[in-house]
file structure.txt (compact mmCIF, C-alpha atoms)
# COMPACT_ATOMS: atom_id res chain seq x y z
CA MET H 210 17.39 -0.57 -13.40
CA ILE H 211 14.87 -0.81 -10.57
CA ILE H 212 15.40 0.26 -6.96
CA GLY H 213 13.19 -1.56 -4.49
CA ALA H 214 11.88 -5.14 -4.50
CA GLY H 215 8.43 -4.49 -3.12
CA PRO H 216 5.31 -5.30 -5.16
CA ALA H 217 5.91 -2.36 -7.53
CA GLY H 218 9.54 -3.21 -8.26
CA LEU H 219 8.89 -6.95 -8.57
CA GLN H 220 5.90 -6.46 -10.89
CA CYS H 221 7.95 -4.06 -13.01
CA ALA H 222 10.83 -6.55 -13.23
CA ALA H 223 8.51 -9.44 -14.12
CA THR H 224 6.84 -7.38 -16.85
CA LEU H 225 10.22 -6.41 -18.31
CA GLY H 226 11.48 -9.98 -18.00
CA GLY H 227 10.10 -11.11 -21.32
CA SER H 228 11.18 -7.99 -23.22
CA GLY H 229 14.79 -8.94 -23.90
CA LEU H 230 16.03 -5.94 -21.91
CA SER H 231 18.64 -6.50 -19.21
CA VAL H 232 17.17 -5.62 -15.81
CA LEU H 233 18.94 -5.11 -12.49
CA LEU H 234 16.67 -5.04 -9.43
CA LEU H 235 18.31 -3.66 -6.28
CA GLU H 236 16.91 -4.24 -2.78
CA LYS H 237 18.54 -2.82 0.36
CA LYS H 238 17.11 -5.55 2.61
CA THR H 239 18.61 -9.01 2.59
CA ILE H 240 15.17 -10.64 2.33
CA VAL H 241 12.55 -9.75 -0.26
CA GLY H 242 9.02 -9.26 1.03
CA PRO H 243 8.70 -8.25 4.71
CA LYS H 244 7.11 -4.87 5.34
CA VAL H 245 4.93 -3.21 7.97
CA CYS H 246 1.57 -3.53 6.21
CA ALA H 247 -1.94 -4.77 7.03
CA GLY H 248 -1.93 -6.63 3.70
CA GLY H 249 -5.42 -5.70 2.54
CA LEU H 250 -6.51 -6.57 -1.00
CA THR H 251 -9.66 -5.13 -2.52
CA ALA H 252 -11.06 -5.83 -5.96
CA LEU H 253 -8.49 -3.35 -7.29
CA SER H 254 -5.93 -6.18 -7.13
CA GLU H 255 -7.95 -8.46 -9.39
CA GLY H 256 -6.15 -9.33 -12.60
CA PHE H 257 -2.74 -9.89 -11.00
CA ALA H 258 -3.40 -13.58 -10.20
CA LEU H 259 -2.19 -13.43 -6.61
CA PRO H 260 -1.99 -16.78 -4.79
CA ALA H 261 -5.35 -17.62 -3.21
CA GLU H 262 -3.75 -20.21 -0.91
CA HIS H 263 -1.95 -17.41 0.96
CA THR H 264 -5.00 -15.18 1.41
CA ARG H 265 -8.09 -14.99 3.59
CA SER H 266 -11.34 -13.57 2.29
CA PHE H 267 -14.02 -11.57 4.13
CA ASP H 268 -17.25 -10.42 2.56
CA ARG H 269 -18.81 -9.40 5.90
CA GLN H 270 -17.33 -6.21 7.30
CA TYR H 271 -17.84 -5.01 10.88
CA LEU H 272 -17.85 -1.22 11.14
CA VAL H 273 -17.65 0.23 14.65
CA LEU H 274 -18.49 3.93 14.91
CA ASN H 275 -18.27 5.52 18.36
CA GLY H 276 -18.76 2.10 19.96
CA LYS H 277 -21.76 1.05 17.88
CA THR H 278 -21.31 -1.86 15.45
CA ARG H 279 -22.81 -2.06 11.98
CA VAL H 280 -22.39 -4.99 9.60
CA ILE H 281 -22.34 -4.77 5.82
CA SER H 282 -21.92 -7.51 3.22
CA LEU H 283 -19.73 -6.76 0.22
CA ALA H 284 -20.42 -7.94 -3.30
CA LYS H 285 -16.65 -8.44 -3.64
CA ALA H 286 -14.80 -9.59 -0.55
CA ILE H 287 -11.73 -7.93 0.93
CA ARG H 288 -8.78 -10.32 1.21
CA THR H 289 -5.62 -10.27 3.28
CA ILE H 290 -2.15 -11.46 2.31
CA ASP H 291 1.09 -11.57 4.27
CA ARG H 292 3.70 -9.32 2.69
CA THR H 293 6.46 -11.91 3.02
CA GLU H 294 4.35 -14.48 1.15
CA LEU H 295 3.45 -11.89 -1.48
CA GLY H 296 7.12 -11.02 -1.94
CA ARG H 297 8.13 -14.67 -2.33
CA PHE H 298 5.40 -15.23 -4.90
CA LEU H 299 6.31 -12.19 -6.99
CA LEU H 300 10.03 -12.93 -6.70
CA GLY H 301 9.38 -16.40 -8.10
CA ARG H 302 7.88 -14.80 -11.19
CA VAL H 303 10.91 -12.56 -11.59
CA LEU H 304 13.49 -15.32 -11.19
CA ALA H 305 11.90 -17.19 -14.11
CA TYR H 306 13.65 -14.71 -16.45
CA ASP H 307 17.37 -14.97 -17.20
CA THR H 308 17.43 -11.32 -18.24
CA VAL H 309 16.60 -10.12 -14.70
CA GLN H 310 19.23 -9.98 -11.97
CA VAL H 311 18.13 -9.47 -8.37
CA ALA H 312 20.68 -8.09 -5.89
CA THR H 313 19.68 -7.95 -2.20
CA GLY H 314 21.51 -6.22 0.64
CA VAL H 315 22.52 -3.43 -1.73
CA SER H 316 22.09 0.20 -0.68
CA VAL H 317 22.05 3.18 -3.03
CA VAL H 318 23.75 6.26 -1.59
CA SER H 319 23.38 8.74 -4.45
CA ILE H 320 21.66 9.18 -7.79
CA ALA H 321 22.80 11.00 -10.92
CA PRO H 322 20.95 11.39 -14.25
CA ASP H 323 22.57 8.26 -15.71
CA HIS H 324 24.14 6.31 -12.85
CA LEU H 325 23.88 5.27 -9.21
CA ARG H 326 26.49 5.21 -6.49
CA LEU H 327 26.23 2.21 -4.16
CA ALA H 328 27.29 1.91 -0.53
CA ASP H 329 30.20 -0.33 -1.52
CA GLU H 330 31.47 2.55 -3.73
CA ARG H 331 30.51 0.89 -7.00
CA THR H 332 29.04 3.03 -9.77
CA VAL H 333 26.24 1.47 -11.83
CA HIS H 334 25.00 3.09 -15.03
CA PHE H 335 21.44 2.82 -16.30
CA ARG H 336 19.40 3.64 -19.37
CA TYR H 337 16.12 3.75 -17.45
CA LEU H 338 15.62 3.96 -13.71
CA VAL H 339 12.46 2.94 -11.85
CA GLY H 340 12.19 4.17 -8.28
CA ALA H 341 10.08 1.64 -6.41
CA ASP H 342 11.88 2.41 -3.18
CA GLY H 343 8.97 3.20 -0.90
CA SER H 344 7.45 6.22 0.78
CA LEU H 345 10.83 7.75 1.65
CA SER H 346 12.05 7.24 -1.92
CA MET H 347 15.53 8.46 -2.79
CA VAL H 348 14.50 8.68 -6.45
CA ARG H 349 11.55 10.91 -5.53
CA ARG H 350 13.87 13.18 -3.55
CA PHE H 351 16.26 13.32 -6.52
CA LEU H 352 13.31 14.52 -8.62
CA LYS H 353 12.61 17.17 -5.96
CA LEU H 354 9.01 16.10 -5.48
CA GLU H 355 7.24 16.84 -2.21
CA SER H 356 5.53 14.06 -0.28
CA ARG H 357 2.49 13.82 1.99
CA LEU H 358 3.00 11.13 4.58
CA HIS H 359 0.30 9.39 6.56
CA LEU H 360 1.22 6.80 9.17
CA GLY H 361 0.26 3.18 9.72
CA ILE H 362 0.96 1.56 13.10
CA GLN H 363 0.18 -2.09 13.81
CA TYR H 364 0.59 -5.13 16.02
CA ARG H 365 1.04 -8.59 14.54
CA ILE H 366 -0.99 -10.68 16.97
CA SER H 367 -0.41 -14.42 17.22
CA GLY H 368 -3.39 -16.49 16.14
CA SER H 369 -5.90 -15.61 13.48
CA LEU H 370 -9.17 -13.95 14.44
CA ASP H 371 -12.42 -14.54 12.55
CA ARG H 372 -13.70 -11.02 11.82
CA MET H 373 -12.46 -8.07 9.79
CA VAL H 374 -13.29 -5.02 11.88
CA TRP H 375 -12.94 -1.28 11.20
CA PHE H 376 -13.06 1.25 14.06
CA PHE H 377 -14.00 4.90 13.62
CA GLU H 378 -14.10 7.45 16.43
CA PRO H 379 -13.57 11.02 15.16
CA ARG H 380 -13.05 12.55 18.60
CA LEU H 381 -9.94 10.37 18.95
CA ILE H 382 -8.53 9.82 15.43
CA LYS H 383 -10.43 12.34 13.28
CA SER H 384 -10.87 10.88 9.77
CA GLY H 385 -8.47 8.03 10.44
CA TYR H 386 -9.45 4.51 11.41
CA ALA H 387 -8.24 1.44 13.27
CA TRP H 388 -8.55 -2.14 12.05
CA ILE H 389 -8.39 -5.82 12.80
CA MET H 390 -7.39 -7.77 9.69
CA PRO H 391 -7.05 -11.56 10.15
CA HIS H 392 -4.45 -13.46 8.14
CA THR H 393 -3.91 -17.20 7.81
CA THR H 394 -1.67 -17.56 10.89
CA TYR H 395 -1.85 -14.20 12.65
CA SER H 396 -3.91 -11.00 12.77
CA SER H 397 -2.91 -7.44 12.01
CA ALA H 398 -4.36 -4.85 14.38
CA GLY H 399 -3.48 -1.25 13.72
CA VAL H 400 -4.39 2.36 13.08
CA PHE H 401 -4.02 4.56 9.99
CA PHE H 402 -4.07 8.35 10.34
CA ASN H 403 -2.74 11.70 9.21
CA PRO H 404 -0.01 12.71 11.70
CA LYS H 405 -0.69 16.38 10.94
CA ARG H 406 -4.17 15.94 12.42
CA VAL H 407 -3.58 13.29 15.09
CA ALA H 408 -0.48 12.81 17.24
CA ALA H 409 1.01 9.33 17.02
CA LYS H 410 0.77 8.92 20.80
CA LYS H 411 -2.97 9.66 20.71
CA ALA H 412 -3.48 7.28 17.78
CA ILE H 413 -1.74 4.46 19.68
CA GLU H 414 -3.86 5.17 22.77
CA ALA H 415 -6.97 4.97 20.59
CA LEU H 416 -5.80 1.67 19.10
CA HIS H 417 -5.30 0.22 22.58
CA LEU H 418 -8.78 1.40 23.57
CA PHE H 419 -10.37 -0.28 20.54
CA LEU H 420 -8.52 -3.54 21.13
CA ASP H 421 -9.36 -3.54 24.84
CA ARG H 422 -13.04 -2.98 24.04
CA SER H 423 -12.89 -5.90 21.60
CA GLY H 424 -11.17 -8.23 24.05
CA VAL H 425 -8.15 -8.63 21.75
CA ALA H 426 -4.95 -9.44 23.64
CA TYR H 427 -1.92 -7.60 22.26
CA GLY H 428 0.44 -7.80 25.22
CA GLY H 429 3.87 -8.96 24.13
CA ALA H 430 3.23 -8.10 20.47
CA LYS H 431 5.68 -5.70 18.86
CA LEU H 432 4.40 -2.30 17.78
CA GLU H 433 5.46 -1.54 14.18
CA ALA H 434 5.10 1.65 12.18
CA ALA H 435 5.60 2.77 8.59
CA PRO H 436 4.95 5.99 6.65
CA VAL H 437 2.62 5.91 3.65
CA ASN H 438 3.14 8.49 0.90
CA CYS H 439 -0.20 9.51 -0.58
CA LEU H 440 0.77 12.48 -2.78
CA TYR H 441 0.80 11.53 -6.46
CA ARG H 442 2.69 13.93 -8.75
CA GLY H 443 3.15 11.69 -11.76
CA MET H 444 5.19 8.58 -12.47
CA GLU H 445 7.20 9.31 -15.63
CA PHE H 446 10.00 11.89 -15.70
CA GLY H 447 12.04 11.35 -18.85
CA ARG H 448 14.11 8.22 -18.29
CA LEU H 449 13.18 8.10 -14.60
CA PHE H 450 9.98 6.50 -13.32
CA LEU H 451 8.29 6.21 -9.95
CA ALA H 452 6.04 3.33 -8.87
CA GLY H 453 4.08 2.32 -5.80
CA ASP H 454 4.57 4.31 -2.60
CA ALA H 455 7.52 6.14 -4.18
CA ALA H 456 5.02 7.68 -6.61
CA GLY H 457 2.58 8.52 -3.81
CA LEU H 458 0.27 5.79 -5.05
CA ALA H 459 -1.51 4.79 -1.87
CA SER H 460 -4.95 5.93 -0.85
CA ALA H 461 -4.89 8.67 1.78
CA THR H 462 -8.38 7.50 2.76
CA THR H 463 -7.77 3.79 3.32
CA GLY H 464 -4.00 3.35 3.11
CA GLU H 465 -4.45 0.68 0.42
CA GLY H 466 -1.28 0.41 -1.63
CA ILE H 467 -0.64 -3.11 -2.97
CA ALA H 468 -2.95 -2.82 -5.98
CA TYR H 469 -1.56 0.61 -6.86
CA ALA H 470 1.98 -0.74 -6.56
CA LEU H 471 1.33 -3.68 -8.88
CA ALA H 472 -0.47 -1.56 -11.46
CA SER H 473 2.12 1.22 -11.50
CA GLY H 474 5.07 -1.19 -11.65
CA GLU H 475 3.49 -2.92 -14.61
CA PHE H 476 2.65 0.35 -16.37
CA ALA H 477 6.18 1.74 -15.85
CA ALA H 478 7.57 -1.38 -17.54
CA GLN H 479 5.10 -1.04 -20.40
CA ARG H 480 6.11 2.58 -20.95
CA ILE H 481 9.79 1.61 -21.02
CA MET H 482 9.10 -1.07 -23.61
CA ASP H 483 6.74 1.13 -25.64
CA PRO H 484 6.75 4.89 -24.90
CA SER H 485 3.48 5.28 -26.80
CA CYS H 486 1.69 2.77 -24.56
CA GLN H 487 -1.46 4.02 -22.82
CA SER H 488 -3.24 2.35 -19.92
CA GLY H 489 -6.92 2.92 -19.35
CA SER H 490 -6.83 0.59 -16.34
CA PHE H 491 -4.13 2.66 -14.64
CA ASP H 492 -6.08 5.85 -15.34
CA ARG H 493 -9.15 4.27 -13.76
CA LEU H 494 -7.08 3.41 -10.71
CA LEU H 495 -6.01 7.05 -10.40
CA HIS H 496 -9.65 8.07 -10.72
CA HIS H 497 -10.57 5.67 -7.92
CA LYS H 498 -7.86 7.18 -5.70
CA LYS H 499 -9.18 10.67 -6.41
CA ILE H 500 -12.76 9.71 -5.54
CA GLN H 501 -11.65 8.24 -2.21
CA GLU H 502 -9.53 11.25 -1.37
CA ASP H 503 -12.32 13.66 -2.30
CA VAL H 504 -14.41 11.87 0.35
CA LEU H 505 -11.54 12.29 2.82
CA SER H 506 -11.31 16.01 2.04
CA LEU H 507 -15.01 16.33 2.81
CA LEU H 508 -14.53 14.60 6.16
CA ASP H 509 -11.53 16.75 7.07
CA SER H 510 -13.30 19.97 6.07
CA ALA H 511 -16.07 19.38 8.60
CA PRO H 512 -14.56 17.93 11.79
CA GLY H 513 -17.71 18.57 13.79
CA LEU H 514 -19.78 16.55 11.34
CA GLN H 515 -17.46 13.57 10.90
CA SER H 516 -19.56 11.13 12.91
CA LEU H 517 -22.67 12.08 10.93
CA LEU H 518 -20.80 11.80 7.63
CA PHE H 519 -19.46 8.38 8.60
CA ARG H 520 -22.99 7.19 9.42
CA MET H 521 -24.23 8.42 6.05
CA PHE H 522 -21.32 6.70 4.33
CA PHE H 523 -22.05 3.39 6.08
CA LEU H 524 -25.65 3.53 4.91
CA LEU H 525 -24.55 4.19 1.35
CA ALA H 526 -21.96 1.41 1.54
CA LYS H 527 -24.72 -1.19 1.78
CA ASN H 528 -25.59 -0.41 -1.84
CA PRO H 529 -23.58 -2.60 -4.26
CA ARG H 530 -23.28 0.32 -6.69
CA ILE H 531 -21.61 2.45 -4.01
CA GLN H 532 -19.37 -0.41 -2.88
CA LYS H 533 -17.30 -0.21 -6.07
CA TYR H 534 -15.93 3.11 -4.78
CA LEU H 535 -15.02 1.40 -1.51
CA THR H 536 -13.52 -1.84 -2.83
CA GLY H 537 -12.82 -1.14 -6.49
call {"tool": "encode", "arguments": {"input": "structure.txt", "output": "structure tokens"}}
result
Amino acid sequence: MIIGAGPAGLQCAATLGGSGLSVLLLEKKTIVGPKVCAGGLTALSEGFALPAEHTRSFDRQYLVLNGKTRVISLAKAIRTIDRTELGRFLLGRVLAYDTVQVATGVSVVSIAPDHLRLADERTVHFRYLVGADGSLSMVRRFLKLESRLHLGIQYRISGSLDRMVWFFEPRLIKSGYAWIMPHTTYSSAGVFFNPKRVAAKKAIEALHLFLDRSGVAYGGAKLEAAPVNCLYRGMEFGRLFLAGDAAGLASATTGEGIAYALASGEFAAQRIMDPSCQSGSFDRLLHHKKIQEDVLSLLDSAPGLQSLLFRMFFLLAKNPRIQKYLTG
């Protein structure tokens, strides 16, 4: 059984689909896909054959530090994808298997070691349970694992812009950043930060300042927010598994989570099918997350030097060998 039909849950279900096991995928929303997310895809997502027709690609990146713009070209472009389109695509893969049942509009109210209690008072038993139920995961709470939540806040702005822009201003948002990420029919403009270091109100004020400086109109757009769990404490706990944000598999440095969700959902399924299965690619992903978060720890340990450290990082990022730590 899988709770949550985000990228992690859908990838897990699709991987299990050909195993002969009976799979029930539960999603509390009535529609699969929509989520507050900038939709960024780095090279970490390569190998999952995501639909190119629903993405935009940007190899030139505009980095704005304290009002000064620098431009770097990436050896591997960063892409964007709308989460609703991604959900539809992954759901199509899942529905190709008769052994997988998808139930939407279903809420889980309690978890026991071998069964779930649903909001309609049904009890559903499971042999294995995969918690792919997001940053506020009920399965994670059942396992009594702590979380470390960062926050992403964004506007979905009508019309697609032509530049991917990253804003850094330590005096306002510390080691966080704001972004403009164009999609095919709209643009995401938001800010990602640690709420223990920056108040949400201040982060929103900074976002408005960046957009005003850039001449980006956001009036009338709805402000959306979502927590991002970045604290990884493992993904396999006996017959219970965690995947994606539920496992804390998002980068605390960049907020990137889609690639981690796909990889962990797939690996959870592989471990269910073959408990002896090992995944070097998943281990490398964890190593990448650690490298990024070590950089973040350095930034946070020296608040007075953050602007200098950012400048040094931007210089290093022009080197293709360094870029692999930025984009996978």
call {"tool": "closest_residue", "arguments": {"input": "structure.txt", "among": "H:Ala286, H:Lys411, H:Leu327, H:Trp375", "to": "Glu255 of chain H", "atoms": "only C-alpha atoms"}}
result
H:Ala286
call {"tool": "residues_around", "arguments": {"input": "structure.txt", "residues": "segment 222-224 of chain H", "least_positions_apart": "2", "cutoff": "7 Å", "atoms": "only C-alpha atoms", "output": "PyMOL selection string"}}
result
chain H and resi 218-220+226-227+232+302-303+309+475+478
call {"tool": "write_last_selection", "arguments": {"input": "structure.txt", "atoms": "C-alpha atoms", "output": "PDB file, keeping the file's coordinate frame"}}
result
ATOM      1  CA  GLY H 218       9.540  -3.210  -8.260  1.00  0.00           C
ATOM      2  CA  LEU H 219       8.890  -6.950  -8.570  1.00  0.00           C
ATOM      3  CA  GLN H 220       5.900  -6.460 -10.890  1.00  0.00           C
ATOM      4  CA  GLY H 226      11.480  -9.980 -18.000  1.00  0.00           C
ATOM      5  CA  GLY H 227      10.100 -11.110 -21.320  1.00  0.00           C
ATOM      6  CA  VAL H 232      17.170  -5.620 -15.810  1.00  0.00           C
ATOM      7  CA  ARG H 302       7.880 -14.800 -11.190  1.00  0.00           C
ATOM      8  CA  VAL H 303      10.910 -12.560 -11.590  1.00  0.00           C
ATOM      9  CA  VAL H 309      16.600 -10.120 -14.700  1.00  0.00           C
ATOM     10  CA  GLU H 475       3.490  -2.920 -14.610  1.00  0.00           C
ATOM     11  CA  ALA H 478       7.570  -1.380 -17.540  1.00  0.00           C
TER      12      ALA H 478
END
call {"tool": "atom_distance", "arguments": {"input": "structure.txt", "atom1": "atom CA of Gly443 of chain H", "atom2": "atom CA of Arg326 of chain H"}}
result
24.8 Å
call {"tool": "closest_residue", "arguments": {"input": "structure.txt", "among": "H:Leu272, H:Ile531, H:Leu458, H:Ile290", "to": "Ala387 of chain H", "atoms": "all atoms listed in the file"}}
result
H:Leu272
call {"tool": "atom_distance", "arguments": {"input": "structure.txt", "atom1": "atom CA of Pro404 of chain H", "atom2": "atom CA of Gln270 of chain H"}}
result
26.0 Å
call {"tool": "residues_around", "arguments": {"input": "structure.txt", "residues": "Gly340 of chain H", "least_positions_apart": "3", "cutoff": "8 Å", "atoms": "all atoms listed in the file", "output": "ChimeraX atom specification"}}
result
/H:211-213,218,346-349,449-452,455
call {"tool": "residues_near_point", "arguments": {"input": "structure.txt", "point": "(-4.3, -19.8, 10.4)", "cutoff": "9 Å", "atoms": "all atoms listed in the file", "output": "list in words"}}
result
Gly368, Ser369, Leu370, Pro391, His392, Thr393, Thr394 and Tyr395 of chain H
call {"tool": "residues_around", "arguments": {"input": "structure.txt", "residues": "Ser490 of chain H", "least_positions_apart": "5", "cutoff": "12 Å", "atoms": "only C-alpha atoms", "output": "mmCIF file with C-alpha atoms, in the coordinates of the input"}}
result
data_model
loop_
_atom_site.group_PDB
_atom_site.id
_atom_site.type_symbol
_atom_site.label_atom_id
_atom_site.label_comp_id
_atom_site.auth_asym_id
_atom_site.auth_seq_id
_atom_site.Cartn_x
_atom_site.Cartn_y
_atom_site.Cartn_z
ATOM 1 C CA LEU H 253 -8.490 -3.350 -7.290
ATOM 2 C CA SER H 254 -5.930 -6.180 -7.130
ATOM 3 C CA GLU H 255 -7.950 -8.460 -9.390
ATOM 4 C CA GLY H 256 -6.150 -9.330 -12.600
ATOM 5 C CA ALA H 468 -2.950 -2.820 -5.980
ATOM 6 C CA TYR H 469 -1.560 0.610 -6.860
ATOM 7 C CA LEU H 471 1.330 -3.680 -8.880
ATOM 8 C CA ALA H 472 -0.470 -1.560 -11.460
ATOM 9 C CA SER H 473 2.120 1.220 -11.500
ATOM 10 C CA GLU H 475 3.490 -2.920 -14.610
ATOM 11 C CA PHE H 476 2.650 0.350 -16.370
ATOM 12 C CA LEU H 495 -6.010 7.050 -10.400
ATOM 13 C CA HIS H 496 -9.650 8.070 -10.720
ATOM 14 C CA HIS H 497 -10.570 5.670 -7.920
ATOM 15 C CA GLY H 537 -12.820 -1.140 -6.490
#
call {"tool": "atom_distance", "arguments": {"input": "structure.txt", "atom1": "atom CA of Ala456 of chain H", "atom2": "atom CA of Gly474 of chain H"}}
result
10.2 Å
call {"tool": "closest_atom_pairs", "arguments": {"input": "structure.txt", "of": "segment 399-425 of chain H", "to": "segment 459-465 of chain H", "cutoff": "9 Å", "atoms": "only C-alpha atoms", "output": "JSON lines"}}
result
{"residue": "H:Phe401", "atom": "CA", "partner": "H:Gly464", "partner_atom": "CA", "distance": 7.0}
{"residue": "H:Phe402", "atom": "CA", "partner": "H:Ala461", "partner_atom": "CA", "distance": 8.6}
{"residue": "H:Asn403", "atom": "CA", "partner": "H:Ala461", "partner_atom": "CA", "distance": 8.3}
call {"tool": "build_atoms", "arguments": {"input": "structure.txt", "residues": "segment 404-417 of chain H", "atoms": "N, CA and C atoms", "output": "mmCIF file, in the coordinates of the input"}}
result
data_model
loop_
_atom_site.group_PDB
_atom_site.id
_atom_site.type_symbol
_atom_site.label_atom_id
_atom_site.label_comp_id
_atom_site.auth_asym_id
_atom_site.auth_seq_id
_atom_site.Cartn_x
_atom_site.Cartn_y
_atom_site.Cartn_z
ATOM 1 N N PRO H 404 -0.707 12.211 10.509
ATOM 2 C CA PRO H 404 -0.010 12.710 11.700
ATOM 3 C C PRO H 404 -0.071 14.229 11.849
ATOM 4 N N LYS H 405 -0.511 14.942 10.805
ATOM 5 C CA LYS H 405 -0.690 16.380 10.940
ATOM 6 C C LYS H 405 -1.997 16.710 11.665
ATOM 7 N N ARG H 406 -2.887 15.732 11.762
ATOM 8 C CA ARG H 406 -4.170 15.940 12.420
ATOM 9 C C ARG H 406 -4.282 15.196 13.746
ATOM 10 N N VAL H 407 -3.533 14.108 13.878
ATOM 11 C CA VAL H 407 -3.580 13.290 15.090
ATOM 12 C C VAL H 407 -2.155 12.945 15.504
ATOM 13 N N ALA H 408 -1.804 13.187 16.743
ATOM 14 C CA ALA H 408 -0.480 12.810 17.240
ATOM 15 C C ALA H 408 -0.370 11.295 17.324
ATOM 16 N N ALA H 409 0.808 10.775 17.016
ATOM 17 C CA ALA H 409 1.010 9.330 17.020
ATOM 18 C C ALA H 409 0.683 8.730 18.391
ATOM 19 N N LYS H 410 1.053 9.424 19.460
ATOM 20 C CA LYS H 410 0.770 8.920 20.800
ATOM 21 C C LYS H 410 -0.725 8.757 21.017
ATOM 22 N N LYS H 411 -1.512 9.733 20.562
ATOM 23 C CA LYS H 411 -2.970 9.660 20.710
ATOM 24 C C LYS H 411 -3.549 8.535 19.855
ATOM 25 N N ALA H 412 -2.997 8.351 18.658
ATOM 26 C CA ALA H 412 -3.480 7.280 17.780
ATOM 27 C C ALA H 412 -3.230 5.913 18.402
ATOM 28 N N ILE H 413 -2.062 5.731 19.029
ATOM 29 C CA ILE H 413 -1.740 4.460 19.680
ATOM 30 C C ILE H 413 -2.669 4.236 20.879
ATOM 31 N N GLU H 414 -2.925 5.294 21.642
ATOM 32 C CA GLU H 414 -3.860 5.170 22.770
ATOM 33 C C GLU H 414 -5.241 4.759 22.283
ATOM 34 N N ALA H 415 -5.671 5.337 21.158
ATOM 35 C CA ALA H 415 -6.970 4.970 20.590
ATOM 36 C C ALA H 415 -6.981 3.515 20.156
ATOM 37 N N LEU H 416 -5.898 3.068 19.524
ATOM 38 C CA LEU H 416 -5.800 1.670 19.100
ATOM 39 C C LEU H 416 -5.924 0.739 20.297
ATOM 40 N N HIS H 417 -5.223 1.047 21.372
ATOM 41 C CA HIS H 417 -5.300 0.220 22.580
ATOM 42 C C HIS H 417 -6.735 0.189 23.123
#
